[in-house]
$ cat upload05.cif   # mmCIF, C-alpha atoms
data_coords
#
loop_
_atom_site.group_PDB
_atom_site.id
_atom_site.type_symbol
_atom_site.label_atom_id
_atom_site.label_comp_id
_atom_site.auth_asym_id
_atom_site.auth_seq_id
_atom_site.Cartn_x
_atom_site.Cartn_y
_atom_site.Cartn_z
ATOM 1 C CA MET K 1 -35.953 -58.601 -0.834
ATOM 2 C CA THR K 2 -35.508 -55.820 -3.394
ATOM 3 C CA ILE K 3 -34.850 -52.401 -1.867
ATOM 4 C CA ALA K 4 -35.597 -49.148 -3.671
ATOM 5 C CA VAL K 5 -34.341 -45.673 -2.876
ATOM 6 C CA ILE K 6 -36.356 -42.886 -4.498
ATOM 7 C CA HIS K 7 -34.638 -39.505 -4.402
ATOM 8 C CA GLN K 8 -34.230 -36.237 -6.291
ATOM 9 C CA PRO K 9 -30.888 -35.743 -8.044
ATOM 10 C CA GLN K 10 -28.595 -33.453 -6.071
ATOM 11 C CA TYR K 11 -25.403 -31.572 -6.858
ATOM 12 C CA LEU K 12 -22.447 -33.361 -5.261
ATOM 13 C CA PRO K 13 -24.541 -34.396 -2.219
ATOM 14 C CA TYR K 14 -23.328 -35.265 1.236
ATOM 15 C CA LEU K 15 -22.038 -38.607 2.509
ATOM 16 C CA GLY K 16 -25.448 -39.661 3.832
ATOM 17 C CA PHE K 17 -26.881 -39.669 0.304
ATOM 18 C CA PHE K 18 -24.380 -42.343 -0.737
ATOM 19 C CA HIS K 19 -24.840 -44.238 2.528
ATOM 20 C CA LYS K 20 -28.502 -44.571 1.550
ATOM 21 C CA LEU K 21 -27.695 -45.638 -2.014
ATOM 22 C CA ASN K 22 -25.299 -48.253 -0.709
ATOM 23 C CA GLN K 23 -28.168 -50.012 1.079
ATOM 24 C CA CYS K 24 -30.416 -50.298 -1.972
ATOM 25 C CA ASP K 25 -30.748 -52.411 -5.092
ATOM 26 C CA ILE K 26 -32.509 -49.815 -7.259
ATOM 27 C CA PHE K 27 -32.089 -46.049 -7.256
ATOM 28 C CA VAL K 28 -35.008 -44.182 -8.777
ATOM 29 C CA ALA K 29 -33.955 -40.639 -9.664
ATOM 30 C CA MET K 30 -36.925 -38.302 -9.221
ATOM 31 C CA ASP K 31 -36.266 -36.093 -12.204
ATOM 32 C CA SER K 32 -39.926 -35.324 -12.922
ATOM 33 C CA VAL K 33 -40.837 -33.661 -9.634
ATOM 34 C CA GLN K 34 -40.742 -29.984 -8.768
ATOM 35 C CA PHE K 35 -37.399 -28.214 -8.717
ATOM 36 C CA MET K 36 -36.831 -26.636 -5.309
ATOM 37 C CA ARG K 37 -35.415 -23.145 -5.528
ATOM 38 C CA ARG K 38 -32.640 -22.611 -2.998
ATOM 39 C CA GLY K 39 -32.565 -26.371 -2.510
ATOM 40 C CA ILE K 40 -29.602 -28.674 -3.090
ATOM 41 C CA GLN K 41 -30.447 -29.834 -6.590
ATOM 42 C CA HIS K 42 -28.057 -27.179 -7.896
ATOM 43 C CA ARG K 43 -25.771 -26.398 -4.975
ATOM 44 C CA ASN K 44 -23.911 -27.842 -2.009
ATOM 45 C CA LYS K 45 -21.498 -26.826 0.721
ATOM 46 C CA ILE K 46 -17.756 -27.282 1.103
ATOM 47 C CA LYS K 47 -15.295 -26.253 3.819
ATOM 48 C CA THR K 48 -13.010 -23.249 3.448
ATOM 49 C CA ASN K 49 -10.662 -21.455 5.813
ATOM 50 C CA LYS K 50 -13.611 -19.203 6.688
ATOM 51 C CA GLY K 51 -16.126 -21.989 7.289
ATOM 52 C CA GLU K 52 -18.891 -23.373 5.089
ATOM 53 C CA GLN K 53 -19.303 -22.061 1.552
ATOM 54 C CA TRP K 54 -21.935 -22.834 -1.063
ATOM 55 C CA LEU K 55 -20.990 -23.974 -4.544
ATOM 56 C CA THR K 56 -23.987 -22.980 -6.646
ATOM 57 C CA VAL K 57 -24.658 -23.845 -10.276
ATOM 58 C CA PRO K 58 -26.604 -20.909 -11.780
ATOM 59 C CA VAL K 59 -29.873 -21.954 -13.399
ATOM 60 C CA PHE K 60 -32.703 -20.319 -15.293
ATOM 61 C CA HIS K 61 -36.109 -20.184 -13.616
ATOM 62 C CA GLN K 62 -39.328 -20.363 -15.593
ATOM 63 C CA SER K 63 -41.381 -17.621 -13.964
ATOM 64 C CA SER K 64 -44.366 -18.376 -16.199
ATOM 65 C CA ARG K 65 -45.001 -21.712 -14.494
ATOM 66 C CA GLU K 66 -45.660 -22.506 -10.875
ATOM 67 C CA GLU K 67 -44.115 -25.959 -11.225
ATOM 68 C CA GLU K 68 -40.910 -26.745 -13.038
ATOM 69 C CA TYR K 69 -39.560 -30.269 -13.158
ATOM 70 C CA ILE K 70 -35.948 -30.885 -12.198
ATOM 71 C CA LYS K 71 -35.222 -32.416 -15.610
ATOM 72 C CA GLU K 72 -36.373 -29.193 -17.320
ATOM 73 C CA VAL K 73 -34.144 -26.779 -15.418
ATOM 74 C CA GLN K 74 -31.417 -25.327 -17.608
ATOM 75 C CA ILE K 75 -27.991 -24.168 -16.489
ATOM 76 C CA ASP K 76 -27.067 -20.540 -17.130
ATOM 77 C CA SER K 77 -23.860 -21.177 -19.053
ATOM 78 C CA GLU K 78 -23.270 -17.472 -19.611
ATOM 79 C CA LEU K 79 -21.923 -17.292 -16.065
ATOM 80 C CA PRO K 80 -18.413 -18.710 -15.434
ATOM 81 C CA TRP K 81 -19.561 -21.096 -12.716
ATOM 82 C CA VAL K 82 -17.246 -23.964 -13.684
ATOM 83 C CA ARG K 83 -14.123 -21.838 -13.350
ATOM 84 C CA LYS K 84 -15.396 -20.415 -10.078
ATOM 85 C CA HIS K 85 -16.193 -23.838 -8.632
ATOM 86 C CA TRP K 86 -12.922 -25.350 -9.723
ATOM 87 C CA ASN K 87 -10.810 -22.454 -8.438
ATOM 88 C CA THR K 88 -12.634 -22.622 -5.101
ATOM 89 C CA LEU K 89 -12.017 -26.365 -4.833
ATOM 90 C CA LEU K 90 -8.387 -25.961 -5.852
ATOM 91 C CA THR K 91 -7.798 -23.169 -3.351
ATOM 92 C CA ASN K 92 -9.357 -24.981 -0.424
ATOM 93 C CA TYR K 93 -8.703 -28.667 -1.072
ATOM 94 C CA SER K 94 -5.399 -28.931 -2.938
ATOM 95 C CA PRO K 95 -3.592 -29.639 0.384
ATOM 96 C CA ALA K 96 -5.966 -32.547 1.131
ATOM 97 C CA PRO K 97 -4.285 -35.974 1.036
ATOM 98 C CA TYR K 98 -6.482 -37.379 -1.729
ATOM 99 C CA PHE K 99 -7.208 -34.273 -3.780
ATOM 100 C CA ASP K 100 -4.848 -35.313 -6.570
ATOM 101 C CA LYS K 101 -6.410 -38.781 -6.730
ATOM 102 C CA TYR K 102 -9.781 -37.404 -7.874
ATOM 103 C CA ALA K 103 -9.070 -33.887 -9.136
ATOM 104 C CA PHE K 104 -8.367 -34.625 -12.812
ATOM 105 C CA GLU K 105 -11.496 -36.708 -13.453
ATOM 106 C CA LEU K 106 -13.699 -34.277 -11.556
ATOM 107 C CA GLN K 107 -12.332 -31.296 -13.450
ATOM 108 C CA GLN K 108 -12.855 -33.103 -16.766
ATOM 109 C CA LEU K 109 -16.495 -33.770 -15.892
ATOM 110 C CA LEU K 110 -17.209 -30.240 -14.709
ATOM 111 C CA GLU K 111 -15.674 -28.696 -17.814
ATOM 112 C CA LYS K 112 -17.902 -30.561 -20.252
ATOM 113 C CA GLU K 113 -20.690 -28.567 -21.869
ATOM 114 C CA TRP K 114 -23.761 -28.949 -19.665
ATOM 115 C CA HIS K 115 -27.240 -27.661 -20.487
ATOM 116 C CA TYR K 116 -29.452 -29.220 -17.797
ATOM 117 C CA ILE K 117 -28.807 -29.440 -14.066
ATOM 118 C CA CYS K 118 -30.303 -32.933 -13.841
ATOM 119 C CA GLU K 119 -27.887 -34.257 -16.450
ATOM 120 C CA LEU K 120 -24.916 -32.732 -14.617
ATOM 121 C CA ASP K 121 -26.102 -34.017 -11.230
ATOM 122 C CA MET K 122 -26.586 -37.555 -12.459
ATOM 123 C CA VAL K 123 -23.232 -37.778 -14.246
ATOM 124 C CA LEU K 124 -21.462 -36.585 -11.100
ATOM 125 C CA LEU K 125 -23.494 -38.973 -8.931
ATOM 126 C CA GLN K 126 -22.591 -41.912 -11.145
ATOM 127 C CA TRP K 127 -18.921 -40.906 -11.148
ATOM 128 C CA ILE K 128 -18.880 -40.828 -7.350
ATOM 129 C CA MET K 129 -20.709 -44.162 -7.181
ATOM 130 C CA GLU K 130 -18.044 -45.618 -9.462
ATOM 131 C CA VAL K 131 -15.267 -44.164 -7.318
ATOM 132 C CA LEU K 132 -16.902 -45.734 -4.253
ATOM 133 C CA GLY K 133 -17.388 -49.088 -5.956
ATOM 134 C CA MET K 134 -21.178 -48.896 -5.891
ATOM 135 C CA LYS K 135 -23.054 -50.738 -8.642
ATOM 136 C CA LYS K 136 -26.769 -50.008 -8.485
ATOM 137 C CA GLN K 137 -29.538 -50.072 -11.049
ATOM 138 C CA ILE K 138 -30.596 -46.502 -11.860
ATOM 139 C CA ILE K 139 -34.064 -45.723 -13.205
ATOM 140 C CA TYR K 140 -35.499 -42.281 -13.959
ATOM 141 C CA LEU K 141 -38.933 -41.443 -12.623
ATOM 142 C CA SER K 142 -39.810 -39.826 -15.944
ATOM 143 C CA ASP K 143 -39.377 -43.216 -17.631
ATOM 144 C CA LEU K 144 -42.027 -44.830 -15.425
ATOM 145 C CA ALA K 145 -45.750 -44.696 -16.122
ATOM 146 C CA VAL K 146 -46.684 -43.711 -12.574
ATOM 147 C CA ASP K 147 -48.689 -40.941 -10.985
ATOM 148 C CA GLY K 148 -49.661 -39.683 -7.554
ATOM 149 C CA THR K 149 -48.132 -37.670 -4.733
ATOM 150 C CA LYS K 150 -46.336 -38.418 -1.476
ATOM 151 C CA SER K 151 -46.954 -41.971 -0.252
ATOM 152 C CA ASP K 152 -49.064 -42.947 -3.266
ATOM 153 C CA LEU K 153 -46.294 -41.972 -5.660
ATOM 154 C CA LEU K 154 -43.630 -43.849 -3.698
ATOM 155 C CA ILE K 155 -45.776 -46.972 -3.613
ATOM 156 C CA GLU K 156 -46.484 -46.824 -7.332
ATOM 157 C CA VAL K 157 -42.783 -46.390 -8.074
ATOM 158 C CA CYS K 158 -41.873 -49.397 -5.932
ATOM 159 C CA LYS K 159 -44.445 -51.488 -7.765
ATOM 160 C CA ALA K 160 -43.240 -50.280 -11.162
ATOM 161 C CA VAL K 161 -39.614 -51.238 -10.499
ATOM 162 C CA GLY K 162 -40.401 -54.504 -8.734
ATOM 163 C CA ALA K 163 -39.258 -53.428 -5.270
ATOM 164 C CA ASP K 164 -40.914 -54.916 -2.209
ATOM 165 C CA THR K 165 -39.058 -52.653 0.228
ATOM 166 C CA TYR K 166 -38.689 -48.874 0.353
ATOM 167 C CA LEU K 167 -35.713 -47.330 2.145
ATOM 168 C CA SER K 168 -36.562 -43.878 3.470
ATOM 169 C CA GLY K 169 -34.639 -41.187 5.249
ATOM 170 C CA SER K 170 -35.942 -40.170 8.656
ATOM 171 C CA GLY K 171 -37.671 -37.147 7.094
ATOM 172 C CA GLY K 172 -40.201 -39.490 5.530
ATOM 173 C CA LYS K 173 -41.737 -40.083 8.945
ATOM 174 C CA ARG K 174 -43.243 -36.600 8.750
ATOM 175 C CA TYR K 175 -45.421 -37.263 5.704
ATOM 176 C CA MET K 176 -45.523 -40.973 4.812
ATOM 177 C CA ASP K 177 -48.713 -42.908 5.474
ATOM 178 C CA LEU K 178 -47.363 -46.283 6.555
ATOM 179 C CA SER K 179 -50.800 -47.889 6.427
ATOM 180 C CA LEU K 180 -50.845 -47.351 2.654
ATOM 181 C CA PHE K 181 -47.490 -49.104 2.278
ATOM 182 C CA GLU K 182 -48.704 -51.997 4.413
ATOM 183 C CA ALA K 183 -51.881 -52.330 2.358
ATOM 184 C CA ALA K 184 -49.792 -52.378 -0.825
ATOM 185 C CA GLY K 185 -47.432 -55.022 0.545
ATOM 186 C CA ILE K 186 -44.443 -52.668 0.517
ATOM 187 C CA ASN K 187 -42.159 -52.909 3.521
ATOM 188 C CA VAL K 188 -40.657 -49.634 4.819
ATOM 189 C CA ILE K 189 -37.226 -49.459 6.411
ATOM 190 C CA TRP K 190 -35.489 -46.357 7.743
ATOM 191 C CA GLN K 191 -32.000 -45.151 7.010
ATOM 192 C CA GLU K 192 -29.825 -45.020 10.100
ATOM 193 C CA PHE K 193 -27.013 -42.602 9.384
ATOM 194 C CA ASN K 194 -24.925 -40.574 11.798
ATOM 195 C CA SER K 195 -22.341 -38.305 10.259
ATOM 196 C CA PRO K 196 -18.894 -39.706 11.088
ATOM 197 C CA SER K 197 -15.968 -37.541 12.111
ATOM 198 C CA TYR K 198 -12.751 -37.617 10.120
ATOM 199 C CA ASN K 199 -9.708 -35.403 9.709
ATOM 200 C CA GLN K 200 -10.844 -32.352 7.758
ATOM 201 C CA LEU K 201 -8.754 -29.447 6.571
ATOM 202 C CA PHE K 202 -8.802 -26.242 8.656
ATOM 203 C CA PRO K 203 -9.129 -28.139 11.965
ATOM 204 C CA GLU K 204 -9.106 -24.845 13.863
ATOM 205 C CA LEU K 205 -12.707 -24.384 12.715
ATOM 206 C CA GLY K 206 -13.804 -27.678 14.231
ATOM 207 C CA PHE K 207 -15.475 -30.523 12.381
ATOM 208 C CA LEU K 208 -18.225 -29.438 9.975
ATOM 209 C CA PRO K 209 -20.665 -32.291 9.212
ATOM 210 C CA ASN K 210 -22.878 -32.882 6.177
ATOM 211 C CA LEU K 211 -20.732 -31.146 3.593
ATOM 212 C CA SER K 212 -20.521 -32.278 -0.024
ATOM 213 C CA ILE K 213 -19.136 -35.792 -0.518
ATOM 214 C CA LEU K 214 -16.095 -34.073 -2.047
ATOM 215 C CA ASP K 215 -14.944 -33.071 1.425
ATOM 216 C CA THR K 216 -14.962 -36.711 2.540
ATOM 217 C CA LEU K 217 -13.357 -37.996 -0.659
ATOM 218 C CA PHE K 218 -10.552 -35.451 -0.675
ATOM 219 C CA CYS K 219 -9.804 -36.004 3.011
ATOM 220 C CA CYS K 220 -10.370 -39.774 3.313
ATOM 221 C CA GLY K 221 -9.967 -41.214 -0.176
ATOM 222 C CA PRO K 222 -10.790 -44.941 -0.465
ATOM 223 C CA GLU K 223 -11.494 -45.034 3.289
ATOM 224 C CA THR K 224 -14.753 -43.208 2.491
ATOM 225 C CA ARG K 225 -16.116 -46.686 1.772
ATOM 226 C CA ASN K 226 -15.931 -47.428 5.485
ATOM 227 C CA PHE K 227 -18.644 -44.822 6.168
ATOM 228 C CA LEU K 228 -21.216 -46.321 3.800
ATOM 229 C CA GLY K 229 -22.464 -49.199 5.951
ATOM 230 C CA ALA K 230 -23.160 -52.713 4.745
ATOM 231 C CA ASN K 231 -24.772 -53.288 1.384
#
$ encode --input "upload05.cif" --output "structure tokens"
Amino acid sequence: MTIAVIHQPQYLPYLGFFHKLNQCDIFVAMDSVQFMRRGIQHRNKIKTNKGEQWLTVPVFHQSSREEEYIKEVQIDSELPWVRKHWNTLLTNYSPAPYFDKYAFELQQLLEKEWHYICELDMVLLQWIMEVLGMKKQIIYLSDLAVDGTKSDLLIEVCKAVGADTYLSGSGGKRYMDLSLFEAAGINVIWQEFNSPSYNQLFPELGFLPNLSILDTLFCCGPETRNFLGAN
């Protein structure tokens, strides 16, 4: 059985993203699908002493086109977003038990010169996968000669990468046509992920689930592996 996960790149996504990747053999990064404004391809949430806060990478929007692929979206480097993000992380997470373990490498990555949000997302994703000991084959959708939308696209991608099983999040149940997968000989399995509780900073605010993976890493360190399920 060869399991594929097909997902848009995201900016420092939550623990569940990596739980899904941990179950697969091949990760297909959907870089040639539409960029979602106000989505999480260029932002994610962390915990501060006032509650949740977005870290947003500023990007340029092409108003002349209705559809803009994720791989085409450029970062607005004129804005000091790196300094802002790093200062926010330093202010809120420096007391965390594992902040120092990951801080230097993360800062080095963020401070490189980035032009495209997809490139930044994927480098950070691969760094986190390395930190978590996850070795998966990564293929970009734009490198595959496939076409289609929704279920048809997912099926064609699975065929192109030699996967006989597609691992979907529960949201796929709203739009996937399972009969098409069955006809194509592609098995569908569903991710089963429940956000675990762990000791976060600012406990007076209660536990805030589904924050950026950075929250889990800084608070739990290597124990984050225990939340990823079997691979």
$ resolve_selection --input "upload05.cif" --expression "the PyMOL selection byres ((chain K and resi 148-157) around 8)" --output "list in words"
Ile6, Leu141, Leu144, Val146, Asp147, Cys158, Lys159, Ala160, Val161, Tyr175, Met176, Asp177, Leu180, Phe181, Ala184 and Ile186 of chain K
$ closest_residue --input "upload05.cif" --among "K:Met36, K:Leu217, K:Leu89, K:Ala4" --to "Leu132 in chain K" --atoms "all atoms listed in the file"
K:Leu217
$ residues_around --input "upload05.cif" --residues "Ile40 in chain K" --least-positions-apart "2" --cutoff "10 Å" --atoms "all atoms listed in the file" --output "NGL selection string"
:K and (8-13 or 35-38 or 42-45 or 54-57)
$ atom_distance --input "upload05.cif" --atom1 "CA of Phe218 in chain K" --atom2 "CA of Ile139 in chain K"
28.6 Å
$ resolve_selection --input "upload05.cif" --expression "the PyMOL selection byres ((chain K and resi 78) around 12)" --output "VMD selection string"
chain K and resid 57 to 60 74 to 77 79 to 83 113 to 115
$ closest_residue --input "upload05.cif" --among "K:Ile46, K:Leu15, K:Ile213, K:Val28" --to "Asn92 in chain K" --atoms "all atoms listed in the file"
K:Ile46
$ resolve_selection --input "upload05.cif" --expression "the PyMOL selection byres ((chain K and resi 124) around 9)" --output "ChimeraX atom specification"
/K:11-12,106,109-110,119-123,125-129
$ closest_residue --input "upload05.cif" --among "K:Met1, K:Ala230, K:Leu21, K:Glu192" --to "Gly171 in chain K" --atoms "only C-alpha atoms"
K:Glu192
$ residues_around --input "upload05.cif" --residues "range 226-228 of chain K" --least-positions-apart "3" --cutoff "7 Å" --atoms "only C-alpha atoms" --output "ChimeraX atom specification"
/K:18-19,22,223
$ closest_residue --input "upload05.cif" --among "K:Asn87, K:Ser142, K:Thr2, K:Gln108" --to "Met30 in chain K" --atoms "all atoms listed in the file"
K:Ser142
$ atom_distance --input "upload05.cif" --atom1 "CA of Glu111 in chain K" --atom2 "CA of Tyr98 in chain K"
20.5 Å
$ closest_atom_pairs --input "upload05.cif" --of "range 2-48 of chain K" --to "range 193-209 of chain K" --cutoff "9 Å" --atoms "only C-alpha atoms" --output "JSON lines"
{"residue": "K:Tyr14", "atom": "CA", "partner": "K:Pro209", "partner_atom": "CA", "distance": 8.9}
{"residue": "K:Leu15", "atom": "CA", "partner": "K:Ser195", "partner_atom": "CA", "distance": 7.8}
{"residue": "K:Gly16", "atom": "CA", "partner": "K:Phe193", "partner_atom": "CA", "distance": 6.5}
{"residue": "K:His19", "atom": "CA", "partner": "K:Phe193", "partner_atom": "CA", "distance": 7.4}
{"residue": "K:Lys20", "atom": "CA", "partner": "K:Phe193", "partner_atom": "CA", "distance": 8.2}
{"residue": "K:Lys47", "atom": "CA", "partner": "K:Leu208", "partner_atom": "CA", "distance": 7.5}
{"residue": "K:Thr48", "atom": "CA", "partner": "K:Phe202", "partner_atom": "CA", "distance": 7.3}
$ atom_distance --input "upload05.cif" --atom1 "CA of Ala145 in chain K" --atom2 "CA of Ala29 in chain K"
14.0 Å
$ closest_residue --input "upload05.cif" --among "K:Thr224, K:Thr165, K:Asn49, K:Ile189" --to "Tyr93 in chain K" --atoms "only C-alpha atoms"
K:Asn49
$ axis_aligned_box --input "upload05.cif" --around "range 184-192 of chain K" --padding-each-side "5 Å" --output "JSON"
{"center_x": -39.8, "center_y": -50.0, "center_z": 4.6, "size_x": 30.0, "size_y": 20.0, "size_z": 20.9}
$ closest_residue --input "upload05.cif" --among "K:Tyr102, K:Cys24, K:His7, K:Gly51" --to "Cys220 in chain K" --atoms "only C-alpha atoms"
K:Tyr102
$ decode --input "upload05.cif" --residues "range 188-199 of chain K" --atoms "N, CA, C and O atoms" --output "compact mmCIF listing (two decimals), in the first residue's frame"
# COMPACT_ATOMS: atom_id res chain seq x y z
N VAL K 188 -9.66 5.10 -0.26
CA VAL K 188 -9.69 6.35 0.51
C VAL K 188 -9.72 6.01 2.00
O VAL K 188 -10.54 5.21 2.44
N ILE K 189 -8.81 6.60 2.74
CA ILE K 189 -8.83 6.49 4.19
C ILE K 189 -8.90 7.89 4.79
O ILE K 189 -8.50 8.86 4.16
N TRP K 190 -9.43 7.98 6.00
CA TRP K 190 -9.68 9.28 6.62
C TRP K 190 -8.75 9.50 7.80
O TRP K 190 -8.51 8.60 8.61
N GLN K 191 -8.23 10.71 7.88
CA GLN K 191 -7.38 11.06 9.01
C GLN K 191 -8.23 11.12 10.28
O GLN K 191 -9.31 11.70 10.29
N GLU K 192 -7.73 10.52 11.32
CA GLU K 192 -8.38 10.58 12.62
C GLU K 192 -7.45 11.33 13.57
O GLU K 192 -6.50 10.76 14.10
N PHE K 193 -7.73 12.60 13.75
CA PHE K 193 -6.86 13.43 14.59
C PHE K 193 -7.70 14.24 15.56
O PHE K 193 -8.63 14.95 15.17
N ASN K 194 -7.37 14.12 16.83
CA ASN K 194 -7.98 14.94 17.87
C ASN K 194 -6.86 15.72 18.54
O ASN K 194 -5.87 15.13 18.99
N SER K 195 -7.01 17.02 18.58
CA SER K 195 -5.95 17.85 19.14
C SER K 195 -5.64 17.47 20.58
O SER K 195 -6.54 17.48 21.43
N PRO K 196 -4.40 17.09 20.87
CA PRO K 196 -4.05 16.71 22.24
C PRO K 196 -3.84 17.95 23.11
O PRO K 196 -3.55 19.04 22.60
N SER K 197 -3.98 17.77 24.39
CA SER K 197 -3.67 18.85 25.33
C SER K 197 -2.24 18.66 25.84
O SER K 197 -1.77 17.54 25.99
N TYR K 198 -1.58 19.76 26.06
CA TYR K 198 -0.23 19.74 26.63
C TYR K 198 -0.05 21.03 27.42
O TYR K 198 -0.92 21.91 27.40
N ASN K 199 1.04 21.16 28.11
CA ASN K 199 1.27 22.34 28.94
C ASN K 199 1.72 23.52 28.09
O ASN K 199 2.86 23.59 27.67
